[in-house]
Every structure is written in structure tokens, then in C-alpha cells.
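Reproduced below: query.txt, with compact mmCIF, N, CA and C atoms.
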# COMPACT_ATOMS: atom_id res chain seq x y z
N MET A 1 0.82 -1.17 0.00
CA MET A 1 0.00 0.00 0.00
C MET A 1 0.88 1.25 0.00
N PHE A 2 1.76 1.38 0.97
CA PHE A 2 2.70 2.49 1.03
C PHE A 2 4.10 1.94 0.89
N SER A 3 4.91 2.67 0.16
CA SER A 3 6.30 2.28 0.09
C SER A 3 7.06 2.96 1.24
N LEU A 4 8.25 2.51 1.48
CA LEU A 4 9.07 3.07 2.55
C LEU A 4 9.38 4.54 2.30
N VAL A 5 9.57 4.91 1.04
CA VAL A 5 9.85 6.29 0.69
C VAL A 5 8.67 7.18 1.05
N ASP A 6 7.44 6.72 0.79
CA ASP A 6 6.25 7.52 1.12
C ASP A 6 6.08 7.66 2.63
N ILE A 7 6.34 6.61 3.36
CA ILE A 7 6.20 6.67 4.82
C ILE A 7 7.19 7.67 5.41
N VAL A 8 8.43 7.64 4.93
CA VAL A 8 9.45 8.59 5.42
C VAL A 8 9.07 10.01 5.03
N LYS A 9 8.52 10.19 3.84
CA LYS A 9 8.10 11.53 3.41
C LYS A 9 6.99 12.07 4.31
N TYR A 10 6.01 11.24 4.67
CA TYR A 10 4.92 11.70 5.53
C TYR A 10 5.40 11.96 6.96
N LEU A 11 6.31 11.15 7.46
CA LEU A 11 6.87 11.41 8.79
C LEU A 11 7.70 12.70 8.79
N THR A 12 8.35 13.00 7.67
CA THR A 12 9.08 14.25 7.55
C THR A 12 8.12 15.43 7.54
N PHE A 13 6.96 15.28 6.89
CA PHE A 13 5.94 16.34 6.92
C PHE A 13 5.47 16.60 8.34
N ILE A 14 5.32 15.55 9.12
CA ILE A 14 4.91 15.73 10.52
C ILE A 14 5.96 16.53 11.28
N SER A 15 7.22 16.28 11.00
CA SER A 15 8.26 17.05 11.67
C SER A 15 8.23 18.51 11.24
N TYR A 16 7.91 18.80 9.98
CA TYR A 16 7.80 20.19 9.54
C TYR A 16 6.66 20.89 10.28
N ILE A 17 5.55 20.21 10.45
CA ILE A 17 4.43 20.79 11.20
C ILE A 17 4.85 21.02 12.66
N GLY A 18 5.61 20.09 13.21
CA GLY A 18 6.13 20.26 14.57
C GLY A 18 7.08 21.43 14.68
N PHE A 19 7.85 21.69 13.63
CA PHE A 19 8.74 22.85 13.64
C PHE A 19 7.94 24.15 13.68
N ILE A 20 6.84 24.19 12.94
CA ILE A 20 6.00 25.39 12.96
C ILE A 20 5.37 25.56 14.35
N VAL A 21 4.90 24.46 14.96
CA VAL A 21 4.33 24.54 16.31
C VAL A 21 5.38 25.01 17.30
N SER A 22 6.60 24.53 17.17
CA SER A 22 7.68 24.94 18.07
C SER A 22 8.01 26.42 17.89
N CYS A 23 7.96 26.88 16.67
CA CYS A 23 8.25 28.30 16.44
C CYS A 23 7.15 29.17 17.01
N ILE A 24 5.90 28.72 16.96
CA ILE A 24 4.81 29.47 17.59
C ILE A 24 4.97 29.48 19.11
N SER A 25 5.40 28.36 19.68
CA SER A 25 5.66 28.36 21.13
C SER A 25 6.84 29.24 21.48
N GLY A 26 7.80 29.37 20.56
CA GLY A 26 8.91 30.31 20.76
C GLY A 26 8.41 31.75 20.77
N PHE A 27 7.45 32.06 19.89
CA PHE A 27 6.84 33.40 19.91
C PHE A 27 6.10 33.64 21.22
N ALA A 28 5.46 32.60 21.76
CA ALA A 28 4.75 32.75 23.04
C ALA A 28 5.73 33.03 24.18
N GLU A 29 6.89 32.39 24.15
CA GLU A 29 7.90 32.67 25.18
C GLU A 29 8.47 34.07 25.04
N ILE A 30 8.59 34.54 23.81
CA ILE A 30 9.13 35.88 23.58
C ILE A 30 8.17 36.94 24.11
N SER A 31 6.87 36.64 24.10
CA SER A 31 5.89 37.64 24.55
C SER A 31 6.02 37.95 26.04
N THR A 32 6.52 36.98 26.82
CA THR A 32 6.69 37.24 28.26
C THR A 32 8.04 37.89 28.56
N LYS A 33 9.09 37.38 27.94
CA LYS A 33 10.43 37.95 28.15
C LYS A 33 11.13 37.96 26.80
N PHE A 34 11.48 39.14 26.31
CA PHE A 34 12.04 39.27 24.97
C PHE A 34 13.47 38.77 24.92
N ASP A 35 13.74 37.95 23.90
CA ASP A 35 15.08 37.47 23.61
C ASP A 35 15.26 37.55 22.09
N LEU A 36 16.19 38.36 21.64
CA LEU A 36 16.37 38.60 20.21
C LEU A 36 16.75 37.34 19.46
N CYS A 37 17.56 36.49 20.06
CA CYS A 37 17.99 35.25 19.40
C CYS A 37 16.79 34.33 19.15
N LYS A 38 15.95 34.16 20.17
CA LYS A 38 14.76 33.33 19.99
C LYS A 38 13.79 33.94 18.99
N CYS A 39 13.72 35.26 18.98
CA CYS A 39 12.85 35.95 18.03
C CYS A 39 13.33 35.71 16.60
N MET A 40 14.62 35.83 16.37
CA MET A 40 15.15 35.64 15.01
C MET A 40 15.02 34.18 14.56
N ILE A 41 15.23 33.24 15.46
CA ILE A 41 15.07 31.83 15.10
C ILE A 41 13.61 31.54 14.78
N SER A 42 12.70 32.07 15.57
CA SER A 42 11.28 31.83 15.31
C SER A 42 10.84 32.44 13.99
N VAL A 43 11.30 33.65 13.70
CA VAL A 43 10.96 34.28 12.42
C VAL A 43 11.56 33.50 11.26
N LEU A 44 12.81 33.06 11.41
CA LEU A 44 13.47 32.29 10.36
C LEU A 44 12.73 30.99 10.07
N ILE A 45 12.35 30.28 11.11
CA ILE A 45 11.63 29.02 10.94
C ILE A 45 10.25 29.28 10.36
N PHE A 46 9.57 30.32 10.87
CA PHE A 46 8.22 30.62 10.42
C PHE A 46 8.19 31.03 8.95
N MET A 47 9.26 31.60 8.44
CA MET A 47 9.31 32.01 7.04
C MET A 47 9.78 30.88 6.12
N ASN A 48 10.65 30.01 6.59
CA ASN A 48 11.26 29.01 5.71
C ASN A 48 10.51 27.69 5.64
N VAL A 49 9.93 27.25 6.73
CA VAL A 49 9.29 25.93 6.73
C VAL A 49 8.10 25.87 5.77
N PRO A 50 7.23 26.89 5.69
CA PRO A 50 6.17 26.80 4.67
C PRO A 50 6.69 26.75 3.24
N VAL A 51 7.80 27.44 2.97
CA VAL A 51 8.40 27.37 1.63
C VAL A 51 8.93 25.97 1.37
N ILE A 52 9.55 25.36 2.35
CA ILE A 52 10.06 24.00 2.21
C ILE A 52 8.90 23.02 2.02
N LEU A 53 7.83 23.20 2.79
CA LEU A 53 6.65 22.34 2.63
C LEU A 53 6.05 22.47 1.24
N TYR A 54 5.96 23.69 0.73
CA TYR A 54 5.43 23.89 -0.61
C TYR A 54 6.32 23.21 -1.65
N GLY A 55 7.63 23.33 -1.49
CA GLY A 55 8.56 22.67 -2.40
C GLY A 55 8.43 21.15 -2.35
N GLU A 56 8.21 20.62 -1.16
CA GLU A 56 8.03 19.16 -1.03
C GLU A 56 6.73 18.70 -1.68
N LEU A 57 5.67 19.51 -1.55
CA LEU A 57 4.38 19.09 -2.07
C LEU A 57 4.31 19.16 -3.59
N ILE A 58 4.98 20.13 -4.22
CA ILE A 58 4.89 20.24 -5.67
C ILE A 58 5.96 19.43 -6.38
N ASN A 59 6.89 18.83 -5.65
CA ASN A 59 7.98 18.08 -6.27
C ASN A 59 7.43 16.77 -6.84
N GLN A 60 7.48 16.64 -8.16
CA GLN A 60 7.06 15.42 -8.83
C GLN A 60 8.25 14.65 -9.40
N ASN A 61 9.45 15.18 -9.24
CA ASN A 61 10.64 14.55 -9.76
C ASN A 61 11.09 13.44 -8.82
N THR A 62 10.96 12.21 -9.25
CA THR A 62 11.41 11.08 -8.45
C THR A 62 12.53 10.32 -9.15
N SER A 63 13.18 10.97 -10.11
CA SER A 63 14.22 10.26 -10.86
C SER A 63 15.48 10.05 -10.03
N ASN A 64 15.79 10.98 -9.15
CA ASN A 64 16.98 10.82 -8.32
C ASN A 64 16.59 11.03 -6.86
N MET A 65 16.05 10.01 -6.26
CA MET A 65 15.57 10.11 -4.89
C MET A 65 16.71 10.22 -3.88
N THR A 66 17.91 9.81 -4.25
CA THR A 66 19.04 9.90 -3.34
C THR A 66 19.31 11.36 -2.98
N HIS A 67 19.31 12.24 -3.96
CA HIS A 67 19.55 13.66 -3.69
C HIS A 67 18.43 14.25 -2.86
N ILE A 68 17.20 13.85 -3.13
CA ILE A 68 16.06 14.36 -2.37
C ILE A 68 16.18 13.96 -0.91
N HIS A 69 16.58 12.73 -0.64
CA HIS A 69 16.75 12.28 0.75
C HIS A 69 17.88 13.04 1.44
N TYR A 70 18.97 13.29 0.73
CA TYR A 70 20.07 14.05 1.33
C TYR A 70 19.65 15.49 1.62
N ILE A 71 18.88 16.10 0.72
CA ILE A 71 18.41 17.47 0.95
C ILE A 71 17.48 17.52 2.15
N ARG A 72 16.57 16.55 2.24
CA ARG A 72 15.67 16.47 3.39
C ARG A 72 16.44 16.31 4.69
N SER A 73 17.45 15.45 4.68
CA SER A 73 18.21 15.21 5.91
C SER A 73 18.98 16.47 6.31
N TYR A 74 19.52 17.20 5.36
CA TYR A 74 20.23 18.44 5.69
C TYR A 74 19.28 19.46 6.30
N ILE A 75 18.10 19.62 5.69
CA ILE A 75 17.11 20.56 6.21
C ILE A 75 16.68 20.16 7.62
N GLN A 76 16.44 18.88 7.83
CA GLN A 76 16.04 18.40 9.15
C GLN A 76 17.12 18.67 10.19
N PHE A 77 18.38 18.47 9.82
CA PHE A 77 19.47 18.67 10.76
C PHE A 77 19.58 20.14 11.17
N VAL A 78 19.56 21.03 10.20
CA VAL A 78 19.75 22.45 10.49
C VAL A 78 18.58 23.00 11.29
N ILE A 79 17.36 22.69 10.88
CA ILE A 79 16.20 23.23 11.58
C ILE A 79 16.09 22.62 12.98
N SER A 80 16.44 21.35 13.13
CA SER A 80 16.40 20.74 14.47
C SER A 80 17.39 21.39 15.41
N LEU A 81 18.57 21.72 14.91
CA LEU A 81 19.53 22.43 15.75
C LEU A 81 19.01 23.79 16.17
N LEU A 82 18.33 24.48 15.28
CA LEU A 82 17.80 25.79 15.62
C LEU A 82 16.62 25.70 16.59
N ILE A 83 15.74 24.75 16.36
CA ILE A 83 14.48 24.69 17.10
C ILE A 83 14.65 24.13 18.50
N ILE A 84 15.73 23.41 18.75
CA ILE A 84 15.88 22.72 20.03
C ILE A 84 16.08 23.70 21.19
N GLY A 85 16.48 24.94 20.90
CA GLY A 85 16.72 25.89 21.97
C GLY A 85 15.58 26.87 22.21
N LEU A 86 14.47 26.71 21.50
CA LEU A 86 13.40 27.69 21.64
C LEU A 86 12.54 27.48 22.88
N SER A 87 12.03 26.28 23.07
CA SER A 87 11.10 26.02 24.18
C SER A 87 11.14 24.53 24.51
N HIS A 88 10.31 24.13 25.47
CA HIS A 88 10.23 22.71 25.82
C HIS A 88 9.59 21.92 24.70
N ILE A 89 8.65 22.51 24.01
CA ILE A 89 8.06 21.85 22.85
C ILE A 89 9.10 21.71 21.75
N GLY A 90 9.96 22.71 21.61
CA GLY A 90 11.02 22.67 20.62
C GLY A 90 12.03 21.58 20.88
N VAL A 91 12.25 21.26 22.14
CA VAL A 91 13.18 20.17 22.46
C VAL A 91 12.63 18.84 21.94
N GLY A 92 11.34 18.62 22.17
CA GLY A 92 10.73 17.37 21.70
C GLY A 92 10.74 17.25 20.19
N PHE A 93 10.32 18.31 19.51
CA PHE A 93 10.32 18.25 18.05
C PHE A 93 11.72 18.32 17.47
N GLY A 94 12.68 18.89 18.21
CA GLY A 94 14.06 18.88 17.76
C GLY A 94 14.65 17.48 17.79
N ILE A 95 14.34 16.74 18.83
CA ILE A 95 14.81 15.34 18.90
C ILE A 95 14.14 14.51 17.82
N TYR A 96 12.83 14.75 17.60
CA TYR A 96 12.13 14.05 16.51
C TYR A 96 12.74 14.43 15.16
N GLY A 97 13.13 15.69 15.00
CA GLY A 97 13.79 16.11 13.76
C GLY A 97 15.14 15.44 13.56
N PHE A 98 15.88 15.24 14.67
CA PHE A 98 17.16 14.52 14.56
C PHE A 98 16.94 13.07 14.12
N THR A 99 15.90 12.43 14.64
CA THR A 99 15.63 11.06 14.20
C THR A 99 15.23 11.04 12.73
N MET A 100 14.48 12.04 12.29
CA MET A 100 14.12 12.10 10.88
C MET A 100 15.33 12.44 10.01
N PHE A 101 16.28 13.19 10.57
CA PHE A 101 17.54 13.44 9.87
C PHE A 101 18.27 12.13 9.62
N VAL A 102 18.36 11.31 10.66
CA VAL A 102 19.06 10.03 10.52
C VAL A 102 18.32 9.12 9.54
N VAL A 103 17.00 9.08 9.63
CA VAL A 103 16.21 8.22 8.73
C VAL A 103 16.38 8.66 7.28
N ASN A 104 16.27 9.96 7.02
CA ASN A 104 16.42 10.44 5.64
C ASN A 104 17.85 10.24 5.14
N PHE A 105 18.82 10.41 6.02
CA PHE A 105 20.21 10.17 5.61
C PHE A 105 20.43 8.71 5.24
N LEU A 106 19.89 7.81 6.06
CA LEU A 106 20.05 6.39 5.76
C LEU A 106 19.26 5.98 4.51
N MET A 107 18.13 6.65 4.27
CA MET A 107 17.39 6.38 3.04
C MET A 107 18.21 6.82 1.82
N GLY A 108 18.98 7.88 1.96
CA GLY A 108 19.84 8.32 0.87
C GLY A 108 21.02 7.37 0.67
N VAL A 109 21.56 6.86 1.77
CA VAL A 109 22.71 5.96 1.65
C VAL A 109 22.28 4.61 1.10
N PHE A 110 21.21 4.04 1.67
CA PHE A 110 20.74 2.73 1.25
C PHE A 110 19.49 2.89 0.39
N ASP A 111 19.66 3.51 -0.76
CA ASP A 111 18.52 3.74 -1.66
C ASP A 111 18.10 2.41 -2.27
N CYS A 112 16.96 1.90 -1.86
CA CYS A 112 16.47 0.62 -2.33
C CYS A 112 15.28 0.80 -3.25
N ASP A 113 15.35 1.77 -4.14
CA ASP A 113 14.25 2.05 -5.06
C ASP A 113 14.24 0.97 -6.13
N ASN A 114 13.09 0.33 -6.33
CA ASN A 114 12.98 -0.77 -7.28
C ASN A 114 12.65 -0.32 -8.69
N SER A 115 12.53 0.99 -8.92
CA SER A 115 12.18 1.46 -10.26
C SER A 115 13.37 1.38 -11.21
N ILE A 116 14.58 1.28 -10.70
CA ILE A 116 15.76 1.18 -11.53
C ILE A 116 16.06 -0.30 -11.74
N LYS A 117 16.11 -0.70 -12.99
CA LYS A 117 16.37 -2.09 -13.32
C LYS A 117 17.88 -2.35 -13.25
N PRO A 118 18.27 -3.47 -12.66
CA PRO A 118 19.70 -3.77 -12.60
C PRO A 118 20.23 -4.14 -13.99
N VAL A 119 21.49 -3.82 -14.22
CA VAL A 119 22.13 -4.11 -15.49
C VAL A 119 22.74 -5.50 -15.40
N MET A 120 22.39 -6.33 -16.36
CA MET A 120 22.92 -7.69 -16.39
C MET A 120 24.16 -7.72 -17.29
N ILE A 121 25.22 -8.28 -16.78
CA ILE A 121 26.46 -8.38 -17.53
C ILE A 121 26.67 -9.84 -17.91
N ASN A 122 26.92 -10.06 -19.16
CA ASN A 122 27.16 -11.41 -19.65
C ASN A 122 28.61 -11.78 -19.37
N PRO A 123 28.85 -12.80 -18.57
CA PRO A 123 30.25 -13.15 -18.24
C PRO A 123 31.00 -13.80 -19.40
N ASN A 124 30.29 -14.24 -20.43
CA ASN A 124 30.95 -14.91 -21.56
C ASN A 124 31.59 -13.93 -22.53
N ILE A 125 31.21 -12.66 -22.46
CA ILE A 125 31.77 -11.66 -23.37
C ILE A 125 32.77 -10.82 -22.59
N ASN A 126 33.98 -10.78 -23.12
CA ASN A 126 35.02 -9.97 -22.50
C ASN A 126 35.54 -9.01 -23.55
N ASP A 127 35.30 -7.75 -23.38
CA ASP A 127 35.70 -6.74 -24.37
C ASP A 127 37.21 -6.56 -24.44
N ASN A 128 37.92 -6.84 -23.38
CA ASN A 128 39.36 -6.63 -23.37
C ASN A 128 40.11 -7.70 -24.15
N LEU A 129 39.55 -8.87 -24.31
CA LEU A 129 40.26 -9.98 -24.96
C LEU A 129 39.89 -10.13 -26.42
N LYS A 130 39.05 -9.30 -26.96
CA LYS A 130 38.69 -9.40 -28.37
C LYS A 130 39.91 -9.08 -29.23
N THR A 131 40.10 -9.88 -30.24
CA THR A 131 41.24 -9.65 -31.14
C THR A 131 40.75 -8.99 -32.40
N ASN A 132 41.62 -8.24 -32.99
CA ASN A 132 41.31 -7.54 -34.23
C ASN A 132 42.03 -8.26 -35.35
N ASP A 133 41.26 -8.80 -36.31
CA ASP A 133 41.84 -9.63 -37.38
C ASP A 133 42.29 -8.80 -38.58
N ASN A 134 42.35 -7.50 -38.49
CA ASN A 134 42.77 -6.67 -39.63
C ASN A 134 44.23 -6.74 -39.87

Full structure transcribed into C-alpha cells:
Amino acid sequence: MFSLVDIVKYLTFISYIGFIVSCISGFAEISTKFDLCKCMISVLIFMNVPVILYGELINQNTSNMTHIHYIRSYIQFVISLLIIGLSHIGVGFGIYGFTMFVVNFLMGVFDCDNSIKPVMINPNINDNLKTNDN
């Protein structure tokens, strides 16, 4: 029903939604005591995550899933590092983002996509040993 790539993609979407929730909780913490660093991280996350989500949703290119998994893992790593210092909710979603970073990275390393047909090599033909009768 679902392939492993689709399951990882949906779990990554959940982490993006968690990043937005964490950034909103960061804004709530800023309202009581202002901290410029938390404010800039919250604004950065609030502006970038919807753009990343839009890019993920309109992406129909599945020809090179290895690069897509590496890009997802990089985004997860950077945003998780930023979000982990915002609030207690950010800590939870930051740890979840780190696990999704590892999962996406491993999906890129061990790409088991079955859409690529393996190349069969005939062991009886050796191109190096062919002689030229000219």
C-alpha cells in the first residue's frame, strides 16, 4: 500500500508541522520575556518551513531520490539544531527532527528504489580480450 519512501516523506511532513508549532511556542515565550535570538530563530523558521513544505508538495521529480533524501536530511538537521533551543516543545520536536535526519540520511545511503532495473552483464563476453583480425 505504502512504500518506505512515502512513509518517510509523511513522517518528515509531521516534523515540519512540529517545527511550525515549536516556532509558535517560541513566539509565546518571547511575549513574556524578549530574547532577540529566539525571536530571530522563530521568524526564520516561520518564514522558511512553509516554503520547504510547498517545495516538497509540488515536487514530482522522483528520478533521483538519493539527492532528495540528502536534501531532506540536511534541512532536518539544520532546523532541528535551531528549534531545540526555543522552548520545551522545541526540544521534543528537535529530537524528533534529529531522528528524521538520521532516517532520511540512511534512506539516501541505502537507496532501495525498485524502479531502476539492474544491469545484467554477460560473463561470456570480455571486451578486453577481443582480437582484431585486420

Run DSSP on the backbone of this structure and report the residues of segment 41-130 of chain A it assigns to alpha helix (DSSP H), as a ChimeraX atom specification. /A:41-58,65-83,88-109

Give me the residues within 9 Å of Glu29 of chain A as a ChimeraX atom specification, counting only C-alpha atoms and dropping any in the same chain fewer than 5 places off. /A:24,34-35,38,86-87

Selection: 7 Å around segment 77-84 of chain A, all atoms listed in the file, excl. self and same-chain fewer than 6 positions, as an mmCIF file with N, CA and C atoms, in the frame of the given file:
data_model
loop_
_atom_site.group_PDB
_atom_site.id
_atom_site.type_symbol
_atom_site.label_atom_id
_atom_site.label_comp_id
_atom_site.auth_asym_id
_atom_site.auth_seq_id
_atom_site.Cartn_x
_atom_site.Cartn_y
_atom_site.Cartn_z
ATOM 1 N N PHE A 19 7.850 21.690 13.630
ATOM 2 C CA PHE A 19 8.740 22.850 13.640
ATOM 3 C C PHE A 19 7.940 24.150 13.680
ATOM 4 N N SER A 22 6.600 24.530 17.170
ATOM 5 C CA SER A 22 7.680 24.940 18.070
ATOM 6 C C SER A 22 8.010 26.420 17.890
ATOM 7 N N CYS A 23 7.960 26.880 16.670
ATOM 8 C CA CYS A 23 8.250 28.300 16.440
ATOM 9 C C CYS A 23 7.150 29.170 17.010
ATOM 10 N N ILE A 41 15.230 33.240 15.460
ATOM 11 C CA ILE A 41 15.070 31.830 15.100
ATOM 12 C C ILE A 41 13.610 31.540 14.780
ATOM 13 N N GLY A 90 9.960 22.710 21.610
ATOM 14 C CA GLY A 90 11.020 22.670 20.620
ATOM 15 C C GLY A 90 12.030 21.580 20.880
ATOM 16 N N VAL A 91 12.250 21.260 22.140
ATOM 17 C CA VAL A 91 13.180 20.170 22.460
ATOM 18 C C VAL A 91 12.630 18.840 21.940
ATOM 19 N N GLY A 92 11.340 18.620 22.170
ATOM 20 C CA GLY A 92 10.730 17.370 21.700
ATOM 21 C C GLY A 92 10.740 17.250 20.190
ATOM 22 N N PHE A 93 10.320 18.310 19.510
ATOM 23 C CA PHE A 93 10.320 18.250 18.050
ATOM 24 C C PHE A 93 11.720 18.320 17.470
ATOM 25 N N GLY A 94 12.680 18.890 18.210
ATOM 26 C CA GLY A 94 14.060 18.880 17.760
ATOM 27 C C GLY A 94 14.650 17.480 17.790
ATOM 28 N N ILE A 95 14.340 16.740 18.830
ATOM 29 C CA ILE A 95 14.810 15.340 18.900
ATOM 30 C C ILE A 95 14.140 14.510 17.820
ATOM 31 N N GLY A 97 13.130 15.690 15.000
ATOM 32 C CA GLY A 97 13.790 16.110 13.760
ATOM 33 C C GLY A 97 15.140 15.440 13.560
ATOM 34 N N PHE A 98 15.880 15.240 14.670
ATOM 35 C CA PHE A 98 17.160 14.520 14.560
ATOM 36 C C PHE A 98 16.940 13.070 14.120
ATOM 37 N N MET A 100 14.480 12.040 12.290
ATOM 38 C CA MET A 100 14.120 12.100 10.880
ATOM 39 C C MET A 100 15.330 12.440 10.010
ATOM 40 N N PHE A 101 16.280 13.190 10.570
ATOM 41 C CA PHE A 101 17.540 13.440 9.870
ATOM 42 C C PHE A 101 18.270 12.130 9.620
#

What does the structure give for the distance between atom C of Thr66 of chain A and atom N of Asp111 of chain A, in Å to one decimal? 8.2 Å

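Counting only C-alpha atoms, the residue from A:Ile58, A:Leu44, A:Ile75, A:Ile52 that sits nearest to Gly26 of chain A is A:Leu44.
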
Env of Tyr16 of chain A: 7 Å cut, atoms = only C-alpha atoms, seq-sep filter 4 positions within chain, self excluded. Answer as a PyMOL selection string. chain A and resi 12+20+49

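Interatomic distance, atom CA of Ser73 of chain A to atom N of Val102 of chain A: 6.1 Å.
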
Could you give me, as a VMD selection string, the residues that sit within 5 Å of (18.6, 11.1, 4.1) in the file's coordinates, counting only N, CA and C atoms? chain A and resid 69 to 70 73 103 to 108
